[in-house]
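Here is model06.txt, consisting of compact mmCIF, C-alpha atoms:
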```txt
# COMPACT_ATOMS: atom_id res chain seq x y z
CA MET C 525 -4.72 -46.90 -85.28
CA PRO C 526 -1.53 -47.90 -83.56
CA ILE C 527 -0.32 -45.82 -80.52
CA ASN C 528 2.72 -43.68 -81.31
CA PHE C 529 4.71 -43.79 -78.07
CA LYS C 530 7.32 -41.34 -79.38
CA THR C 531 4.63 -38.70 -79.95
CA ILE C 532 3.16 -39.20 -76.43
CA TYR C 533 6.62 -38.95 -74.85
CA LEU C 534 7.34 -35.73 -76.80
CA PHE C 535 4.06 -34.08 -75.69
CA THR C 536 4.73 -35.09 -72.06
CA LEU C 537 8.17 -33.44 -72.09
CA ILE C 538 6.72 -30.24 -73.60
CA PHE C 539 3.94 -30.14 -70.93
CA PHE C 540 6.35 -30.47 -67.94
CA GLY C 541 8.73 -27.96 -69.47
CA LEU C 542 5.97 -25.35 -69.75
CA TYR C 543 4.82 -26.09 -66.15
CA ILE C 544 8.32 -25.54 -64.69
CA PHE C 545 8.85 -22.37 -66.77
CA PHE C 546 5.62 -20.66 -65.62
CA ASN C 547 6.10 -21.77 -61.98
CA ASN C 548 9.59 -20.16 -61.82
CA ILE C 549 8.23 -16.91 -63.31
CA SER C 550 5.54 -16.82 -60.57
CA ASN C 551 8.09 -17.35 -57.73
CA LEU C 552 10.38 -14.70 -59.16
CA ASN C 553 7.58 -12.10 -59.20
CA LEU C 554 6.67 -13.00 -55.61
CA LYS C 555 10.26 -12.40 -54.46
CA LYS C 556 10.33 -9.09 -56.29
CA ASN C 557 7.16 -8.00 -54.51
CA ILE C 558 8.67 -8.86 -51.09
CA ILE C 559 11.87 -6.94 -51.79
CA PHE C 560 10.17 -3.80 -53.00
CA SER C 561 7.67 -3.80 -50.12
CA GLU C 562 10.51 -2.97 -47.64
CA PRO C 563 11.10 0.75 -46.88
CA LYS C 564 14.05 2.31 -48.62
CA VAL C 565 16.95 3.81 -46.65
CA GLU C 566 16.11 7.23 -48.11
CA GLU C 567 12.57 7.02 -46.72
CA ILE C 568 13.85 6.19 -43.21
CA GLN C 569 16.34 9.08 -43.24
CA ASN C 570 13.68 11.53 -44.43
CA LYS C 571 11.74 10.70 -41.24
CA GLU C 572 14.90 11.31 -39.11
CA THR C 573 14.52 7.78 -37.75
CA PHE C 574 17.52 5.52 -37.18
CA LYS C 575 16.93 1.82 -36.51
CA VAL C 576 19.48 -0.66 -35.25
CA SER C 577 18.67 -4.35 -35.03
CA LYS C 578 17.83 -5.64 -31.55
CA LYS C 579 20.63 -7.57 -29.89
CA GLU C 580 18.77 -8.50 -26.74
CA ALA C 581 15.12 -8.66 -25.67
CA PRO C 582 14.70 -6.19 -22.81
CA THR C 583 12.61 -6.98 -19.75
CA LEU C 584 9.15 -5.43 -19.62
CA ILE C 585 8.40 -4.11 -16.15
CA ALA C 586 5.54 -1.95 -14.87
CA THR C 587 6.64 0.88 -12.58
CA THR C 588 5.16 4.02 -11.11
CA PRO C 589 5.29 6.79 -13.75
CA ILE C 590 7.63 9.73 -13.13
CA ASP C 591 5.31 12.12 -14.99
CA ASN C 592 2.00 11.97 -16.86
CA SER C 593 3.62 12.21 -20.30
CA ILE C 594 4.70 8.55 -20.19
CA THR C 595 1.41 6.98 -19.12
CA ASN C 596 0.43 6.08 -22.70
CA LEU C 597 3.88 4.82 -23.69
CA ASN C 598 5.32 1.33 -23.55
CA GLU C 599 8.11 0.95 -20.99
CA GLU C 600 11.13 -1.32 -21.34
CA ILE C 601 13.75 -1.44 -18.59
CA PHE C 602 17.38 -2.33 -19.16
CA THR C 603 19.67 -3.35 -16.30
CA VAL C 604 23.29 -2.39 -17.01
CA LYS C 605 25.55 -5.43 -17.20
CA LYS C 606 29.28 -5.64 -16.54
CA GLY C 607 31.27 -3.99 -19.33
CA GLN C 608 28.14 -2.67 -21.05
CA THR C 609 28.10 0.92 -22.32
CA PHE C 610 25.24 3.36 -22.81
CA SER C 611 26.00 3.38 -26.54
CA GLU C 612 25.56 -0.41 -26.75
CA ILE C 613 22.25 -0.21 -24.88
CA LEU C 614 20.96 2.47 -27.28
CA ASP C 615 21.62 0.10 -30.18
CA ASN C 616 18.56 -1.90 -29.10
CA PHE C 617 16.07 0.84 -29.90
CA ILE C 618 14.68 3.20 -32.59
CA PHE C 619 15.25 6.94 -32.17
CA LYS C 620 14.27 10.21 -33.83
CA PHE C 621 17.80 11.47 -33.27
CA ASP C 622 21.23 10.09 -33.96
CA LYS C 623 22.38 8.21 -30.86
CA PHE C 624 25.57 10.30 -30.59
CA GLU C 625 23.47 13.45 -30.17
CA ILE C 626 21.76 11.72 -27.24
CA ILE C 627 25.06 10.53 -25.73
CA ASN C 628 26.68 13.96 -25.93
CA LEU C 629 23.72 15.74 -24.35
CA VAL C 630 23.40 13.17 -21.52
CA ASN C 631 27.15 13.45 -20.82
CA ASN C 632 26.67 17.17 -20.10
CA LYS C 633 24.45 16.24 -17.13
CA PHE C 634 25.88 12.86 -16.10
CA ASP C 635 29.22 11.20 -16.80
CA LEU C 636 28.19 8.02 -18.62
CA LYS C 637 31.51 6.43 -17.64
CA SER C 638 30.02 6.32 -14.15
CA LEU C 639 27.29 3.86 -15.16
CA LYS C 640 27.26 1.02 -12.64
CA VAL C 641 26.40 -2.64 -12.96
CA ASN C 642 22.67 -3.20 -12.20
CA GLN C 643 21.83 0.49 -12.78
CA LYS C 644 18.36 0.81 -14.34
CA ILE C 645 17.59 2.63 -17.62
CA SER C 646 13.95 2.89 -18.77
CA PHE C 647 12.96 3.41 -22.42
CA PHE C 648 9.47 4.66 -23.31
CA SER C 649 8.25 4.06 -26.87
CA ASP C 650 5.14 4.96 -28.85
CA GLU C 651 2.99 2.61 -30.95
CA ASP C 652 5.55 2.82 -33.78
CA GLN C 653 8.27 1.58 -31.39
CA ILE C 654 10.08 4.93 -31.59
CA ILE C 655 11.60 5.99 -28.25
CA GLN C 656 10.05 9.17 -26.88
CA LYS C 657 11.71 9.29 -23.47
CA ILE C 658 14.63 7.74 -21.57
CA ILE C 659 14.90 7.74 -17.76
CA ILE C 660 18.20 6.84 -16.06
CA ASP C 661 18.15 6.01 -12.34
CA LEU C 662 21.06 7.98 -10.86
CA ASP C 663 20.14 6.88 -7.35
CA PHE C 664 16.99 5.72 -5.62
CA LYS C 665 15.44 9.23 -5.63
CA THR C 666 17.19 11.02 -8.52
CA LYS C 667 16.27 10.45 -12.17
CA LEU C 668 17.84 11.79 -15.36
CA ILE C 669 15.05 12.34 -17.90
CA VAL C 670 15.91 12.47 -21.62
CA ASN C 671 12.95 13.86 -23.59
CA LEU C 672 12.91 12.91 -27.30
CA SER C 673 9.28 13.68 -28.10
CA LYS C 674 9.96 17.08 -29.75
CA ASN C 675 13.39 18.53 -29.12
CA LEU C 676 16.24 16.74 -27.41
CA GLU C 677 16.17 17.83 -23.75
CA VAL C 678 17.85 16.40 -20.62
CA THR C 679 16.77 17.26 -17.05
CA LYS C 680 17.43 15.94 -13.54
CA LYS C 681 14.46 15.29 -11.27
CA GLU C 682 14.52 14.75 -7.50
CA LEU C 683 11.57 12.62 -6.40
CA ASN C 684 9.64 13.39 -3.24
CA THR C 685 10.75 11.25 -0.31
CA GLN C 686 9.69 10.49 3.24
CA THR C 687 12.01 9.31 6.01
CA ASP C 688 10.84 6.98 8.79
CA ILE C 689 12.65 5.40 11.71
CA GLU C 690 12.67 1.60 11.78
CA SER C 691 13.54 -0.23 15.01
CA LYS C 692 14.63 -3.83 15.58
CA GLU C 693 15.60 -5.96 18.57
CA TYR C 694 17.05 -9.46 18.55
CA ILE C 695 19.02 -11.99 20.61
CA ILE C 696 22.31 -13.39 19.32
CA THR C 697 22.41 -17.18 19.14
CA ASN C 698 24.97 -17.50 16.35
CA SER C 699 26.58 -14.16 15.46
CA LEU C 700 25.65 -10.48 15.47
CA TYR C 701 25.55 -10.44 11.67
CA ALA C 702 23.79 -13.76 10.96
CA ASP C 703 21.10 -13.24 13.59
CA GLY C 704 20.63 -9.68 12.37
CA VAL C 705 19.98 -10.94 8.84
CA ASN C 706 17.47 -13.47 10.23
CA SER C 707 15.73 -10.59 12.03
CA ASN C 708 15.40 -8.66 8.73
CA VAL C 709 17.95 -6.00 9.64
CA PRO C 710 19.36 -4.63 6.35
CA ASN C 711 22.92 -5.65 5.46
CA GLU C 712 24.20 -2.04 5.33
CA VAL C 713 22.83 -1.40 8.84
CA LEU C 714 24.67 -4.43 10.22
CA VAL C 715 27.93 -3.27 8.63
CA LYS C 716 27.51 0.18 10.22
CA LEU C 717 26.65 -1.43 13.56
CA ILE C 718 29.87 -3.47 13.53
CA GLN C 719 31.91 -0.37 12.64
CA LEU C 720 30.21 1.63 15.41
CA PHE C 721 31.12 -0.87 18.14
CA SER C 722 34.53 -1.82 16.75
CA PHE C 723 36.23 0.57 19.21
CA ASP C 724 34.67 -1.24 22.19
CA LEU C 725 34.27 -4.89 21.21
CA ASP C 726 36.28 -7.79 19.89
CA PHE C 727 33.51 -9.50 17.95
CA GLN C 728 35.31 -12.85 18.02
CA ARG C 729 35.70 -12.95 21.82
CA ASP C 730 33.29 -10.53 23.47
CA ILE C 731 30.02 -11.47 21.79
CA LYS C 732 28.40 -14.39 23.59
CA LYS C 733 25.19 -16.36 23.19
CA ASN C 734 22.06 -14.50 24.38
CA THR C 735 23.67 -11.08 23.81
CA ALA C 736 20.82 -8.60 23.14
CA VAL C 737 20.97 -6.13 20.25
CA SER C 738 18.64 -3.14 19.91
CA ILE C 739 18.82 -0.70 17.01
CA SER C 740 17.00 2.13 15.19
CA TYR C 741 17.91 3.38 11.72
CA GLU C 742 16.59 5.73 9.05
CA LYS C 743 14.67 4.38 6.07
CA THR C 744 13.83 6.83 3.28
CA TYR C 745 11.02 5.98 0.85
CA VAL C 746 10.22 7.43 -2.56
CA GLU C 747 6.61 8.64 -2.72
CA ASN C 748 4.24 6.29 -4.61
CA ALA C 749 7.03 3.81 -5.31
CA SER C 750 8.67 0.78 -3.72
CA GLU C 751 12.22 2.18 -3.77
CA PHE C 752 13.89 3.05 -0.47
CA SER C 753 17.31 3.84 0.94
CA ILE C 754 18.87 3.02 4.30
CA GLY C 755 20.32 6.01 6.16
CA ASP C 756 22.19 6.48 9.42
CA ILE C 757 21.84 4.48 12.61
CA ASP C 758 20.01 6.66 15.16
CA TYR C 759 20.36 4.41 18.18
CA ALA C 760 22.25 1.22 19.00
CA LYS C 761 22.65 -0.87 22.14
CA ILE C 762 24.43 -4.16 22.79
CA GLU C 763 23.86 -5.87 26.16
CA ILE C 764 26.48 -8.44 27.18
CA GLY C 765 25.46 -9.68 30.59
CA LYS C 766 25.37 -6.62 32.86
CA ASN C 767 27.53 -4.58 30.48
CA ASN C 768 25.50 -2.19 28.33
CA LEU C 769 27.07 -0.36 25.38
CA GLU C 770 24.65 2.29 24.15
CA TYR C 771 25.14 5.07 21.58
CA PHE C 772 23.03 7.88 20.12
CA LYS C 773 23.45 9.80 16.89
CA PHE C 774 24.17 13.52 17.33
CA LEU C 775 25.06 16.48 15.10
CA THR C 776 27.90 18.34 16.88
CA ASP C 777 28.44 22.10 16.93
CA GLU C 778 31.24 21.61 14.37
CA GLY C 779 28.75 20.05 11.93
CA PHE C 780 29.84 16.39 12.28
CA ILE C 781 27.42 13.49 12.71
CA ASP C 782 28.84 11.34 15.49
CA TYR C 783 27.81 8.92 18.25
CA PHE C 784 27.86 9.46 22.02
CA ASN C 785 26.80 7.60 25.16
CA ARG C 786 24.33 9.09 27.67
CA GLU C 787 27.17 11.00 29.39
CA GLY C 788 28.12 12.71 26.15
CA LYS C 789 31.35 10.77 25.56
CA ASN C 790 32.24 10.00 21.96
CA VAL C 791 32.26 6.36 20.80
CA LYS C 792 35.38 6.96 18.70
CA LYS C 793 39.01 7.54 19.40
CA SER C 794 40.22 10.70 17.74
CA ILE C 795 42.53 9.05 15.15
CA LEU C 796 42.63 5.54 13.66
CA LYS C 797 45.92 3.70 13.86
CA THR C 798 45.04 1.63 10.78
CA PRO C 799 42.97 3.48 8.13
CA LEU C 800 42.16 0.49 5.90
CA ASP C 801 40.92 -3.10 6.21
CA GLY C 802 42.76 -6.33 5.57
CA ALA C 803 46.18 -4.77 5.03
CA ARG C 804 49.60 -6.11 6.00
CA LEU C 805 52.12 -3.88 7.79
CA SER C 806 55.03 -3.86 5.34
CA SER C 807 57.32 -1.15 6.74
CA ASN C 808 57.48 0.35 10.21
CA PHE C 809 58.27 3.84 11.48
CA GLY C 810 61.98 4.68 11.98
CA MET C 811 65.38 4.42 10.26
CA ARG C 812 65.57 2.04 7.32
CA LYS C 813 67.42 1.43 4.06
CA HIS C 814 65.32 3.15 1.42
CA PRO C 815 64.16 0.50 -1.11
CA ILE C 816 64.74 2.81 -4.10
CA SER C 817 67.69 5.09 -3.22
CA GLY C 818 69.54 2.43 -1.17
CA PHE C 819 70.51 5.01 1.51
CA ASN C 820 69.58 4.83 5.18
CA LYS C 821 66.76 7.27 5.74
CA MET C 822 64.17 8.06 8.37
CA HIS C 823 60.81 6.53 7.45
CA LYS C 824 58.32 9.00 8.91
CA GLY C 825 55.23 6.86 8.66
CA ILE C 826 54.10 3.27 8.36
CA ASP C 827 53.36 1.32 5.17
CA PHE C 828 50.47 -1.06 4.64
CA ALA C 829 50.72 -3.43 1.67
CA ALA C 830 47.33 -3.86 0.02
CA PRO C 831 45.93 -4.44 -3.49
CA ILE C 832 45.41 -1.45 -5.76
CA GLY C 833 41.92 -0.06 -5.24
CA THR C 834 41.61 -0.99 -1.55
CA PRO C 835 39.48 1.74 0.14
CA ILE C 836 41.31 4.13 2.50
CA TYR C 837 39.39 5.66 5.42
CA ALA C 838 39.77 9.07 7.02
CA GLY C 839 41.70 8.57 10.26
CA GLY C 840 39.43 11.01 12.07
CA ASN C 841 36.95 13.85 11.70
CA GLY C 842 38.55 16.82 10.00
CA ILE C 843 39.04 19.10 7.02
CA VAL C 844 40.93 18.07 3.86
CA GLU C 845 43.98 20.36 3.85
CA TYR C 846 45.75 19.02 0.74
CA VAL C 847 44.77 16.74 -2.13
CA GLY C 848 46.91 16.24 -5.21
CA THR C 849 50.33 15.06 -6.38
CA ASN C 850 53.06 15.70 -3.81
CA GLY C 851 56.53 14.77 -5.13
CA GLY C 852 57.71 11.30 -4.15
CA TYR C 853 54.49 10.77 -2.20
CA GLY C 854 52.60 10.52 -5.50
CA LYS C 855 48.87 11.09 -5.15
CA TYR C 856 48.47 12.40 -1.62
CA ILE C 857 45.82 13.55 0.89
CA ARG C 858 46.38 15.40 4.16
CA ILE C 859 43.60 15.97 6.71
CA ARG C 860 43.67 18.52 9.56
CA HIS C 861 41.83 17.10 12.60
CA ASN C 862 42.35 19.94 15.07
CA ASN C 863 45.04 22.48 15.92
CA GLU C 864 47.52 19.75 16.83
CA TYR C 865 46.81 16.59 14.80
CA LYS C 866 46.90 15.82 11.07
CA THR C 867 47.01 12.59 9.06
CA ALA C 868 48.56 12.02 5.63
CA TYR C 869 47.95 9.31 3.01
CA ALA C 870 50.43 8.73 0.16
CA HIS C 871 50.93 6.72 -3.07
CA LEU C 872 47.17 6.64 -3.76
CA ASN C 873 45.77 5.27 -6.99
CA SER C 874 42.86 7.73 -6.99
CA TYR C 875 40.73 9.95 -4.78
CA LYS C 876 37.11 9.33 -3.92
CA LYS C 877 34.80 11.55 -5.96
CA GLY C 878 34.07 14.76 -4.06
CA ILE C 879 37.28 14.80 -2.02
CA SER C 880 38.90 18.21 -2.48
CA LYS C 881 40.64 20.88 -0.43
CA GLY C 882 38.36 22.32 2.25
CA VAL C 883 35.91 19.37 2.29
CA ARG C 884 34.82 18.14 5.73
CA VAL C 885 35.20 14.36 6.29
CA ASN C 886 34.12 11.98 9.05
CA GLN C 887 36.24 9.29 10.63
CA GLY C 888 35.87 6.03 8.71
CA GLU C 889 34.66 7.76 5.52
CA VAL C 890 36.35 6.53 2.31
CA ILE C 891 38.67 9.26 0.97
CA GLY C 892 40.73 7.40 -1.64
CA TYR C 893 42.13 4.09 -2.85
CA VAL C 894 45.46 2.30 -2.46
CA GLY C 895 47.85 2.75 -5.38
CA ASN C 896 51.48 2.73 -6.48
CA THR C 897 52.11 6.36 -7.46
CA GLY C 898 55.22 8.45 -6.71
CA ARG C 899 58.42 6.78 -5.49
CA SER C 900 56.93 3.42 -4.67
CA THR C 901 58.12 -0.16 -5.08
CA GLY C 902 54.65 -1.72 -5.07
CA PRO C 903 50.99 -1.14 -4.19
CA HIS C 904 50.72 0.16 -0.62
CA LEU C 905 49.52 3.00 1.59
CA HIS C 906 52.06 5.22 3.33
CA TYR C 907 50.28 6.60 6.42
CA GLU C 908 51.47 9.40 8.69
CA ILE C 909 50.12 10.90 11.89
CA ILE C 910 51.42 14.44 12.33
CA TYR C 911 51.43 16.02 15.81
CA GLN C 912 52.32 19.73 16.05
CA ASN C 913 53.70 19.53 12.47
CA LYS C 914 56.01 16.59 13.27
CA GLN C 915 55.47 12.98 12.13
CA ILE C 916 55.08 10.52 15.01
CA ASN C 917 54.79 6.73 15.16
CA PRO C 918 51.09 5.81 14.73
CA LEU C 919 51.57 2.40 16.35
CA THR C 920 53.01 3.70 19.65
CA LEU C 921 50.82 6.80 19.78
CA LYS C 922 48.68 7.06 22.91
CA LEU C 923 45.55 8.32 21.28
CA PRO C 924 43.63 11.09 23.02
CA SER C 925 40.00 10.39 23.89
CA GLY C 926 37.25 11.35 21.47
CA LYS C 927 35.13 14.44 21.88
CA ILE C 928 33.31 14.94 25.21
CA LEU C 929 30.22 17.13 25.05
CA LYS C 930 30.00 20.04 27.50
CA GLY C 931 27.85 23.06 28.30
CA GLU C 932 25.06 24.01 25.94
CA GLU C 933 26.11 21.33 23.45
CA LEU C 934 25.67 18.66 26.16
CA LYS C 935 22.22 20.04 27.06
CA ARG C 936 21.19 19.89 23.41
CA PHE C 937 22.47 16.32 23.18
CA GLU C 938 20.55 15.23 26.30
CA LYS C 939 17.31 16.56 24.86
CA ASN C 940 18.11 14.87 21.54
CA TYR C 941 18.96 11.44 22.95
CA LYS C 942 15.79 11.29 25.07
CA MET C 943 13.73 11.90 21.94
CA ILE C 944 15.65 9.20 20.03
CA LEU C 945 15.14 6.68 22.84
CA SER C 946 11.44 7.50 23.11
CA ASN C 947 10.95 7.00 19.35
CA HIS C 948 12.90 3.74 19.47
CA LEU C 949 10.76 2.27 22.28
CA ASN C 950 7.52 3.45 20.65
CA ASN C 951 8.50 1.75 17.38
CA LEU C 952 9.28 -1.51 19.19
CA TYR C 953 6.24 -1.74 21.43
CA GLU C 954 3.45 0.32 19.82
```
As structure tokens, the full file:
Amino acid sequence: MPINFKTIYLFTLIFFGLYIFFNNISNLNLKKNIIFSEPKVEEIQNKETFKVSKKEAPTLIATTPIDNSITNLNEEIFTVKKGQTFSEILDNFIFKFDKFEIINLVNNKFDLKSLKVNQKISFFSDEDQIIQKIIIDLDFKTKLIVNLSKNLEVTKKELNTQTDIESKEYIITNSLYADGVNSNVPNEVLVKLIQLFSFDLDFQRDIKKNTAVSISYEKTYVENASEFSIGDIDYAKIEIGKNNLEYFKFLTDEGFIDYFNREGKNVKKSILKTPLDGARLSSNFGMRKHPISGFNKMHKGIDFAAPIGTPIYAGGNGIVEYVGTNGGYGKYIRIRHNNEYKTAYAHLNSYKKGISKGVRVNQGEVIGYVGNTGRSTGPHLHYEIIYQNKQINPLTLKLPSGKILKGEELKRFEKNYKMILSNHLNNLYE
């Protein structure tokens, strides 16, 4: 019987057609099963759970628990990056509550606009990856705890701390700062040390090779954790040949923390002539043609040109007498130092948080930031020293000496400094 090739060809086409048809049906059913296996939006909302896709994989870090309720939870720590908001960080996690409920409640306890770069935020999730608790590090010992386990609750918690005195001694071969770093003296301590001796030393000319530095400072630890904070310098001495400069921390009867030598004489002059760093003198004290009005007018202060945001320091210990807008001065601060002396700071961009009328400030403390407010032709600080309610030239002022301890206050200081010195030597040689 002869082979009918047309019949074979026809059966082959029918066979492959049926194979392709049934294979497509199978794939279609598989896709349908995958789609319908996902949870519906309605089901998620019924559980009061809101999920946003992860934008960034957070770092997993083990830390000491703040309380026992988080020991069985998974912890993920976010470090705040430049320009990042709390809202954007929340978008990386699953919550029982709408994120705006969380944001509003947190804002009642802490201004989220104050989040800083490198600030830590910890998220604690259960086995279903739903966040049960958030902990924001406000500072090294203060935590803001957001509890999401039942009701939405926000509390602040101060951790237990312990303060120790750490002492160091080193010889300068290169510079006070560089050799201090090599001797493991914290950066913030070295900055304070330079500020403390800036009234007595020209660090470019006076510091020589083999100058000896001895220092004690406070170091506060958080219990059961590695976090710590550097506090005040307690004791500092710089030996240049036979010349010893030595200062001790002391709380005065007026409530100021200051530094004195063994005789009870203050390290500081009473008022700074220049209350900011790196500024250029742009207008002197005296008669001048006013840059805005065009008339000759007495300029009752000195102007320092500096970029907006440059920190401004309190010219001396005192009480803030005025803070606010003051006519052509723009944003303005005035400090009363004693019955005779005041200092004034004008055209500020902003005030440091916490600076208000009646607040006590220490010399060198940041009180505000350079700006261009009021009648001003550019960013600068207008600085006045006022003596017996009359502005005087800060640059020609013969500054009175700093505080000299007397009487019972001196006796208290002498007892205090001997204890500081004893602790310092014990720390160095025990």
Quiz item: Within 7 Å of (49.4, -6.0, -4.0), only C-alpha atoms: residues as a list in words?
Solution: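 Residues found, by chain and rising number: Ala829, Ala830, Pro831, Ile832, Gly902 and Pro903 of chain C.
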Dump C-alpha atoms for the selected residues as a PDB file, keeping the file's coordinate frame?
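Below you can see out.pdb, which holds the result:
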```
ATOM      1  CA  ALA C 829      50.720  -3.430   1.670  1.00  0.00           C
ATOM      2  CA  ALA C 830      47.330  -3.860   0.020  1.00  0.00           C
ATOM      3  CA  PRO C 831      45.930  -4.440  -3.490  1.00  0.00           C
ATOM      4  CA  ILE C 832      45.410  -1.450  -5.760  1.00  0.00           C
ATOM      5  CA  GLY C 902      54.650  -1.720  -5.070  1.00  0.00           C
ATOM      6  CA  PRO C 903      50.990  -1.140  -4.190  1.00  0.00           C
TER       7      PRO C 903
END
```
Quiz item: Could you name the residues that touch Lys633 (chain C) at 12 Å or less, counting all atoms listed in the file, but leaving out those on the same chain fewer than 5 positions away, as a list in words?
Solution: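 What passes the distance filter is Ile626, Ile627, Asn628, Ser638, Ile660, Leu662, Lys667, Leu668, Ile669, Val670, Glu677, Val678, Thr679, Lys680 and Lys681 of chain C.
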Output C-alpha atoms for every residue in that selection, as a compact mmCIF listing (two decimals), in the frame of the given file.
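Dumped everything to result18.txt:
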```
# COMPACT_ATOMS: atom_id res chain seq x y z
CA ILE C 626 21.76 11.72 -27.24
CA ILE C 627 25.06 10.53 -25.73
CA ASN C 628 26.68 13.96 -25.93
CA SER C 638 30.02 6.32 -14.15
CA ILE C 660 18.20 6.84 -16.06
CA LEU C 662 21.06 7.98 -10.86
CA LYS C 667 16.27 10.45 -12.17
CA LEU C 668 17.84 11.79 -15.36
CA ILE C 669 15.05 12.34 -17.90
CA VAL C 670 15.91 12.47 -21.62
CA GLU C 677 16.17 17.83 -23.75
CA VAL C 678 17.85 16.40 -20.62
CA THR C 679 16.77 17.26 -17.05
CA LYS C 680 17.43 15.94 -13.54
CA LYS C 681 14.46 15.29 -11.27
```
Practice problem: Would you work out the distance separating CA of Tyr856 (chain C) from CA of His871 (chain C), expressed in Å to one decimal? | Solution: 6.4 Å
Quiz item: What's the 8 Å shell around region 712-723 of chain C, counting only C-alpha atoms, without same-chain residues fewer than 3 positions away, as a list in words?
Solution: Tyr701, Gly704, Val709, Asp726, Phe727, Tyr741, Ile754, Asp756, Ile757, Ala760, Val791, Lys792 and Lys793 of chain C
Quiz item: Hey, what's within 9 Å of Thr897 (chain C) if we count all atoms listed in the file and toss same-chain stuff fewer than 3 positions away? As a PyMOL selection string, please?
Solution: chain C and resi 849+852-855+870-873+900+902-903
Quiz prompt | Surrounding residues of Ile689 (chain C) excluding itself and chain neighbours under 2 positions, 12 Å, only C-alpha atoms, as number ranges by chain | solution = C: 686-687, 691-692, 739-745, 753-759, 944-952
Practice problem: Tell me which of C:Asn598, C:Gln887, C:Asn616, C:Asn675 sits closest to Glu651 (chain C), counting all atoms listed in the file. | Solution: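 Answer, going by the shortest atom-to-atom distance: C:Asn598.
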Self-check item: Point-to-point distance in Å for CA of Asp730 (chain C) and CA of Gly840 (chain C)
Solution: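 For CA of Gly840 (chain C) relative to CA of Asp730 (chain C), the distance reads 25.1 Å.
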Quiz item: Which value, in Å to one decimal, gives the distance between CA of Lys876 (chain C) and CA of Val894 (chain C)?
Solution: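 Those two atoms sit 11.0 Å apart.
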Exercise. Name the closest residue to Lys927 (chain C) among the candidates C:Arg884, C:His904, C:His861, C:Arg899; distances are taken between atoms, counting all atoms listed in the file.
Key: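 Comparing C:Arg884, C:His904, C:His861, C:Arg899 against Lys927 (chain C), the winner is C:His861.
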Quiz item: C:Ile879, C:Val705, C:Val604, C:Ile826: which is nearest Gly848 (chain C), counting all atoms listed in the file?
Solution: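 With all atoms listed in the file as the atom set, the closest residue is C:Ile879.
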Practice problem: Would you list the contacts of Leu672 (chain C) as a PyMOL selection string, taking every protein, DNA or RNA residue within 6 Å and counting all atoms listed in the file, but skipping same-chain residues closer than 2 positions in sequence? | Solution: chain C and resi 656-657+674-676
